[in-house]
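Asker: Got a structure for you, final.cif, holding mmCIF, C-alpha atoms.
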```
data_final
loop_
_atom_site.label_atom_id
_atom_site.label_comp_id
_atom_site.auth_asym_id
_atom_site.auth_seq_id
_atom_site.Cartn_x
_atom_site.Cartn_y
_atom_site.Cartn_z
CA MET V 186 110.83 53.84 61.28
CA ASP V 187 107.27 54.50 62.41
CA CYS V 188 106.34 57.20 64.91
CA THR V 189 103.51 56.65 67.38
CA HIS V 190 101.67 59.48 69.15
CA THR V 191 99.12 58.84 71.90
CA PHE V 192 96.76 61.51 73.23
CA GLY V 193 94.23 60.18 75.75
CA ARG V 194 92.17 57.61 73.90
CA GLU V 195 93.37 58.64 70.45
CA THR V 196 96.42 56.90 68.99
CA GLN V 197 97.97 57.60 65.63
CA ARG V 198 100.79 55.85 63.78
CA ILE V 199 102.30 57.29 60.62
CA SER V 200 105.55 57.09 58.76
CA PRO V 201 107.28 60.47 58.57
CA ILE V 202 108.43 59.53 55.06
CA SER V 203 104.90 58.88 53.75
CA PHE V 204 103.19 62.09 54.81
CA PRO V 205 102.20 64.75 54.00
CA LYS V 206 100.91 63.90 50.54
CA ILE V 207 99.66 66.34 47.90
CA ILE V 208 96.95 64.63 45.87
CA PRO V 209 95.02 66.15 42.93
CA ALA V 210 91.38 65.43 43.82
CA SER V 211 89.91 66.97 40.66
CA ASP V 212 90.85 69.58 38.09
CA ARG V 213 89.86 72.27 40.62
CA THR V 214 90.79 70.76 44.00
CA ILE V 215 93.93 69.51 45.74
CA LEU V 216 94.04 67.36 48.88
CA VAL V 217 96.94 67.80 51.31
CA GLN V 218 96.93 64.69 53.50
CA PHE V 219 98.91 64.66 56.75
CA GLY V 220 97.91 61.16 57.86
CA ASP V 221 95.03 58.73 57.84
CA THR V 222 93.71 58.67 61.42
CA ILE V 223 92.31 61.03 64.06
CA SER V 224 94.86 62.43 66.50
CA ARG V 225 95.76 65.69 68.18
CA ASN V 226 99.18 65.57 66.54
CA LEU V 227 97.62 65.53 63.08
CA HIS V 228 95.13 68.18 64.13
CA GLN V 229 98.04 70.44 65.06
CA GLN V 230 99.51 70.02 61.57
CA VAL V 231 96.13 70.59 59.88
CA PHE V 232 95.48 73.66 62.02
CA SER V 233 98.92 75.18 61.40
CA PHE V 234 98.73 74.59 57.65
CA THR V 235 95.18 75.96 57.43
CA GLN V 236 96.10 79.05 59.43
CA TYR V 237 99.16 79.64 57.25
CA LEU V 238 97.06 79.56 54.08
CA ILE V 239 94.59 81.99 55.67
CA ASP V 240 97.34 84.35 56.83
CA HIS V 241 99.26 84.11 53.51
CA PRO V 242 96.54 83.99 50.85
CA MET V 243 97.29 82.84 47.32
CA LYS V 244 95.01 84.26 44.65
CA ASP V 245 94.68 80.83 43.01
CA ILE V 246 93.13 79.32 46.18
CA ILE V 247 89.51 80.35 46.73
CA ASN V 248 88.46 77.98 49.53
CA ILE V 249 90.19 75.99 52.30
CA HIS V 250 88.46 72.93 53.80
CA PRO V 251 90.24 71.36 56.81
CA ALA V 252 89.26 67.89 58.01
CA TYR V 253 90.54 65.47 60.67
CA SER V 254 93.87 64.74 58.99
CA SER V 255 93.81 66.63 55.70
CA VAL V 256 93.11 69.95 54.04
CA MET V 257 91.29 70.33 50.73
CA VAL V 258 91.91 73.50 48.74
CA SER V 259 89.63 74.69 45.95
CA LEU V 260 91.15 76.55 43.03
CA ASP V 261 90.13 79.53 40.97
CA ASN V 262 89.09 78.73 37.40
CA GLU V 263 92.25 80.37 36.08
CA ALA V 264 94.57 78.36 38.36
CA THR V 265 96.65 75.39 37.26
CA LEU V 266 97.17 72.31 39.40
CA GLY V 267 100.89 72.35 38.76
CA ARG V 268 101.42 75.93 39.89
CA VAL V 269 99.41 75.51 43.10
CA THR V 270 100.98 72.12 43.84
CA GLU V 271 104.46 73.63 43.67
CA HIS V 272 103.38 76.46 45.95
CA LEU V 273 101.98 74.01 48.50
CA LYS V 274 105.20 72.00 48.42
CA VAL V 275 107.14 75.12 49.35
CA VAL V 276 104.69 75.95 52.15
CA LEU V 277 104.95 72.43 53.59
CA ARG V 278 108.73 72.53 53.40
CA ASP V 279 109.25 75.94 54.94
CA MET V 280 106.46 76.51 57.47
CA ASN V 281 106.84 75.87 61.19
CA TYR V 282 104.32 73.62 62.93
CA ASN V 283 104.50 75.53 66.18
CA GLU V 284 102.44 74.35 69.12
CA ARG V 285 99.46 76.67 69.27
CA PRO V 286 97.98 77.93 72.55
CA GLU V 287 95.18 75.83 73.96
CA GLY V 288 91.85 76.75 72.41
CA ARG V 289 89.04 78.30 74.39
CA ILE V 290 86.96 76.12 76.69
CA VAL V 291 83.29 76.38 75.73
CA GLU V 292 80.62 74.93 78.01
CA VAL V 293 77.54 73.68 76.18
CA PRO V 294 74.41 73.19 78.34
CA VAL V 295 72.51 70.03 77.34
CA ILE V 296 69.08 68.70 78.22
CA TYR V 297 69.58 64.95 77.86
CA GLY V 298 66.94 62.33 77.09
CA GLY V 299 63.17 62.54 76.87
CA GLU V 300 61.77 64.43 73.90
CA ASN V 301 65.14 66.15 73.52
CA GLY V 302 66.97 62.84 73.20
CA PRO V 303 64.73 60.43 71.29
CA ASP V 304 67.57 57.94 70.67
CA MET V 305 68.86 57.80 74.24
CA ALA V 306 67.18 54.42 74.79
CA ARG V 307 68.79 53.07 71.60
CA VAL V 308 72.26 54.14 72.79
CA SER V 309 71.56 52.66 76.21
CA ASP V 310 70.43 49.34 74.73
CA TYR V 311 73.37 49.15 72.33
CA THR V 312 76.04 49.97 74.91
CA GLY V 313 74.49 48.05 77.81
CA LEU V 314 74.73 51.18 79.98
CA ASP V 315 71.77 52.74 81.73
CA GLN V 316 70.79 56.18 80.49
CA GLY V 317 72.22 57.95 83.52
CA GLU V 318 75.60 56.36 82.85
CA VAL V 319 75.46 57.34 79.16
CA ILE V 320 74.84 60.94 80.23
CA LYS V 321 77.65 60.78 82.79
CA ARG V 322 80.19 59.45 80.31
CA HIS V 323 79.14 61.85 77.56
CA SER V 324 79.28 64.91 79.80
CA GLU V 325 82.52 63.99 81.60
CA GLY V 326 84.66 64.29 78.49
CA GLU V 327 86.54 67.30 77.15
CA TYR V 328 86.19 67.42 73.40
CA LEU V 329 88.42 69.01 70.79
CA VAL V 330 86.83 70.76 67.79
CA TYR V 331 88.89 69.26 64.98
CA PHE V 332 87.17 71.22 62.21
CA ILE V 333 83.92 72.85 61.12
CA GLY V 334 82.02 71.38 58.12
CA PHE V 335 81.37 69.55 55.77
CA SER V 336 77.72 70.20 56.54
CA ILE V 337 77.57 73.95 57.05
CA GLY V 338 78.60 74.91 60.58
CA PHE V 339 78.75 71.32 61.89
CA PRO V 340 81.55 70.92 64.48
CA TYR V 341 83.42 67.61 64.36
CA PHE V 342 84.72 66.60 67.78
CA GLY V 343 87.30 64.13 69.02
CA GLY V 344 87.58 62.70 72.50
CA MET V 345 84.33 60.83 73.10
CA ASP V 346 84.41 57.88 75.52
CA PRO V 347 84.43 54.80 73.21
CA SER V 348 82.14 52.92 75.59
CA ILE V 349 79.16 54.99 74.36
CA ALA V 350 79.92 54.63 70.64
CA THR V 351 76.76 53.62 68.75
CA PRO V 352 76.15 53.05 65.02
CA ARG V 353 74.17 55.55 63.00
CA LEU V 354 70.45 55.09 62.56
CA ASP V 355 69.42 52.64 59.85
CA SER V 356 67.06 55.25 58.40
CA PRO V 357 68.15 58.89 58.72
CA ARG V 358 65.58 61.45 59.82
CA LYS V 359 64.34 63.95 57.27
CA SER V 360 64.79 66.76 59.79
CA VAL V 361 66.82 67.01 63.00
CA PRO V 362 66.25 70.16 65.10
CA ALA V 363 69.03 72.71 65.47
CA GLY V 364 70.95 72.22 68.72
CA SER V 365 70.49 68.43 68.76
CA ILE V 366 73.39 66.48 70.29
CA GLY V 367 74.12 63.23 68.48
CA ILE V 368 76.34 60.16 68.49
CA ALA V 369 77.43 58.35 65.32
CA GLY V 370 79.96 55.56 65.69
CA ASN V 371 82.76 56.90 67.90
CA GLN V 372 81.91 60.55 67.23
CA THR V 373 79.62 63.08 68.83
CA GLY V 374 78.47 66.41 67.47
CA ILE V 375 75.95 69.25 67.53
CA TYR V 376 73.52 70.01 64.72
CA PRO V 377 73.99 73.76 64.16
CA LEU V 378 70.94 74.05 61.91
CA SER V 379 67.84 72.00 61.29
CA SER V 380 68.82 69.40 58.70
CA PRO V 381 68.46 65.73 57.71
CA GLY V 382 70.66 63.36 59.70
CA GLY V 383 71.23 59.83 60.91
CA TRP V 384 73.04 60.43 64.21
CA ASN V 385 71.58 59.08 67.46
CA ILE V 386 70.05 62.11 69.18
CA ILE V 387 70.66 61.97 72.94
CA GLY V 388 70.00 65.58 73.94
CA LYS V 389 69.60 69.18 72.88
CA THR V 390 71.17 72.55 73.65
CA ASP V 391 69.54 75.96 73.45
CA LEU V 392 72.95 77.47 72.69
CA SER V 393 73.11 78.76 69.11
CA ILE V 394 76.55 77.56 68.04
CA PHE V 395 76.67 78.84 64.45
CA ASN V 396 76.28 82.35 63.06
CA VAL V 397 75.13 81.99 59.47
CA GLU V 398 75.65 85.70 58.75
CA ASN V 399 79.18 85.79 60.18
CA PRO V 400 80.68 82.28 60.65
CA LYS V 401 83.91 83.71 62.12
CA SER V 402 81.92 84.95 65.13
CA SER V 403 80.30 81.56 65.78
CA VAL V 404 80.44 80.13 69.30
CA LEU V 405 82.63 77.20 68.26
CA GLN V 406 85.81 77.44 66.21
CA MET V 407 88.41 74.93 65.07
CA GLY V 408 90.77 74.18 67.97
CA ASP V 409 88.30 75.01 70.76
CA ARG V 410 87.67 72.58 73.60
CA VAL V 411 84.09 71.72 74.54
CA ARG V 412 82.48 70.45 77.73
CA PHE V 413 78.86 69.33 77.78
CA VAL V 414 77.03 70.35 80.93
CA SER V 415 73.88 68.41 81.85
CA VAL V 416 70.97 70.65 82.81
CA ASP V 417 67.27 69.94 83.43
CA SER V 418 64.42 71.37 81.39
CA GLY V 419 64.02 74.17 83.90
CA GLY V 420 67.60 75.44 83.35
CA LYS V 421 70.78 75.06 85.41
#
```
Please go through the file and, once you have read it, give me the structure as structure tokens.
Answerer:
Amino acid sequence: MDCTHTFGRETQRISPISFPKIIPASDRTILVQFGDTISRNLHQQVFSFTQYLIDHPMKDIINIHPAYSSVMVSLDNEATLGRVTEHLKVVLRDMNYNERPEGRIVEVPVIYGGENGPDMARVSDYTGLDQGEVIKRHSEGEYLVYFIGFSIGFPYFGGMDPSIATPRLDSPRKSVPAGSIGIAGNQTGIYPLSSPGGWNIIGKTDLSIFNVENPKSSVLQMGDRVRFVSVDSGGK
């Protein structure tokens, strides 16, 4: 029997018999897959599992990479897939997926449009909404930080209003400034560092969200909630 979980605009349907899955991804990595969609229910499982591995380290596991509905673990050169797989099976069987406290609410000031949002007109044209309405719908949401990465320090959010979803650029930019706020498909995000990228840039924040020297002290962490606050170029 299937189970359906609905959280706001995000709906997820999985069979409790099918997941989680432990999948060898290479001779040095294992993927633990909790589902195949984006939902807060799956995020809770990913978060709990990730936190357990952090709090109960295994010497064979050298890196942990959470995603929307899965966790990839990287193994030490001396580790064997079989030994780590059996350990992960025990963890999945015995751990409790307790509801965690709500994450912090982080307000991110954004200057929308103009030179700070060179793709605002593209989003407006694609969605059929005027630019003011795009800003309104983008800044009205409360977003969940599902995970940080795969690009270093990049926060992946859920919760964007689907009416402003816009495809990626046909030709990615060679360099997008740090702090740029972008839309790609049904996702939105913040570029923590200057880097290449193909997201539609609709605004920019002066808030430095990622600490390269000490990532654990960065402004945004997995499980936080984010609100974008529209400001003008002169400040709030």
Asker: Could you tell me, as a list in words, exactly which residues end up selected when the PyMOL selection byres ((chain V and resi 360) around 10) is applied to this structure?
Answerer: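 Applied to this file, the PyMOL selection byres ((chain V and resi 360) around 10) returns Pro357, Arg358, Lys359, Val361, Pro362, Ala363, Leu378, Ser379, Ser380, Pro381, Gly382 and Gly383 of chain V.
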Asker: With distances taken over only C-alpha atoms, which of V:Ala252, V:Met243, V:Val217, V:Ile375 is nearest to V:Lys274?
Answerer: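 Once distances to V:Lys274 are computed over only C-alpha atoms, the minimum belongs to V:Val217.
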Asker: With all atoms listed in the file as the atoms that count, which of V:Leu238, V:Leu273, V:Ala350, V:Ala264 lies nearest to V:Ile207?
Answerer: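 That would be V:Leu273, the residue with the smallest distance to V:Ile207.
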Asker: Which residue out of V:Gly367, V:Val330, V:Trp384, V:Val397 has the minimum interatomic distance to V:Arg289 when only C-alpha atoms are used?
Answerer: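 With only C-alpha atoms as the atom set, the closest residue is V:Val330.
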Asker: Write out as a short mmCIF file (atom, residue, chain, number, x, y, z; two decimals) with C-alpha atoms, in the coordinates of the input the residues lying within 7 Å of V:Gly343, counting all atoms listed in the file and excluding same-chain residues fewer than 5 positions away.
Answerer:
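Printed below is part01.cif as written:
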```cif
data_model
loop_
_atom_site.label_atom_id
_atom_site.label_comp_id
_atom_site.auth_asym_id
_atom_site.auth_seq_id
_atom_site.Cartn_x
_atom_site.Cartn_y
_atom_site.Cartn_z
CA TYR V 328 86.19 67.42 73.40
CA LEU V 329 88.42 69.01 70.79
CA VAL V 330 86.83 70.76 67.79
CA TYR V 331 88.89 69.26 64.98
CA GLN V 372 81.91 60.55 67.23
#
```
Asker: To verify the selection step, state as a count of residues only which residues the PyMOL selection byres ((chain V and resi 232) around 9) yields on this input.
Answerer: 17
Asker: Just say which residues the PyMOL selection byres ((chain V and resi 392) around 12) picks in this file, as a list in words.
Answerer: Val291, Glu292, Val293, Pro294, Val295, Ile296, Ala363, Gly364, Ser365, Ile366, Ile375, Tyr376, Pro377, Leu378, Lys389, Thr390, Asp391, Ser393, Ile394, Phe395, Asn396, Ser403, Val404, Leu405, Phe413 and Val414 of chain V
Asker: Give me, as number ranges by chain, all polymer residues having an atom no more than 7 Å from stretch 254-261 of chain V, counting only C-alpha atoms and skipping those fewer than 5 positions away in the same chain.
Answerer: V: 213-223, 227-228, 231, 245-249
Asker: Could you jot down the atom CA of V:Ile239 to atom CA of V:Val276 separation for me, Å, one decimal place?
Answerer: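 Those two atoms sit 12.3 Å apart.
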Asker: With all atoms listed in the file as the counted atoms, please give the residues lying no more than 9 Å from V:Arg307, apart from itself and same-chain residues fewer than 4 positions off, as an MDAnalysis selection string.
Answerer: chainID V and resid 303 311:312 351 385
Asker: Just how far from atom CA of V:Asn301 is atom CA of V:Ile320, in Å to one decimal?
Answerer: 12.9 Å
Asker: Between atom CA of V:Thr265 and atom CA of V:Asp240, what is the distance in Å, rounded to a tenth?
Answerer: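 Going from atom CA of V:Thr265 over to atom CA of V:Asp240, I get 21.5 Å.
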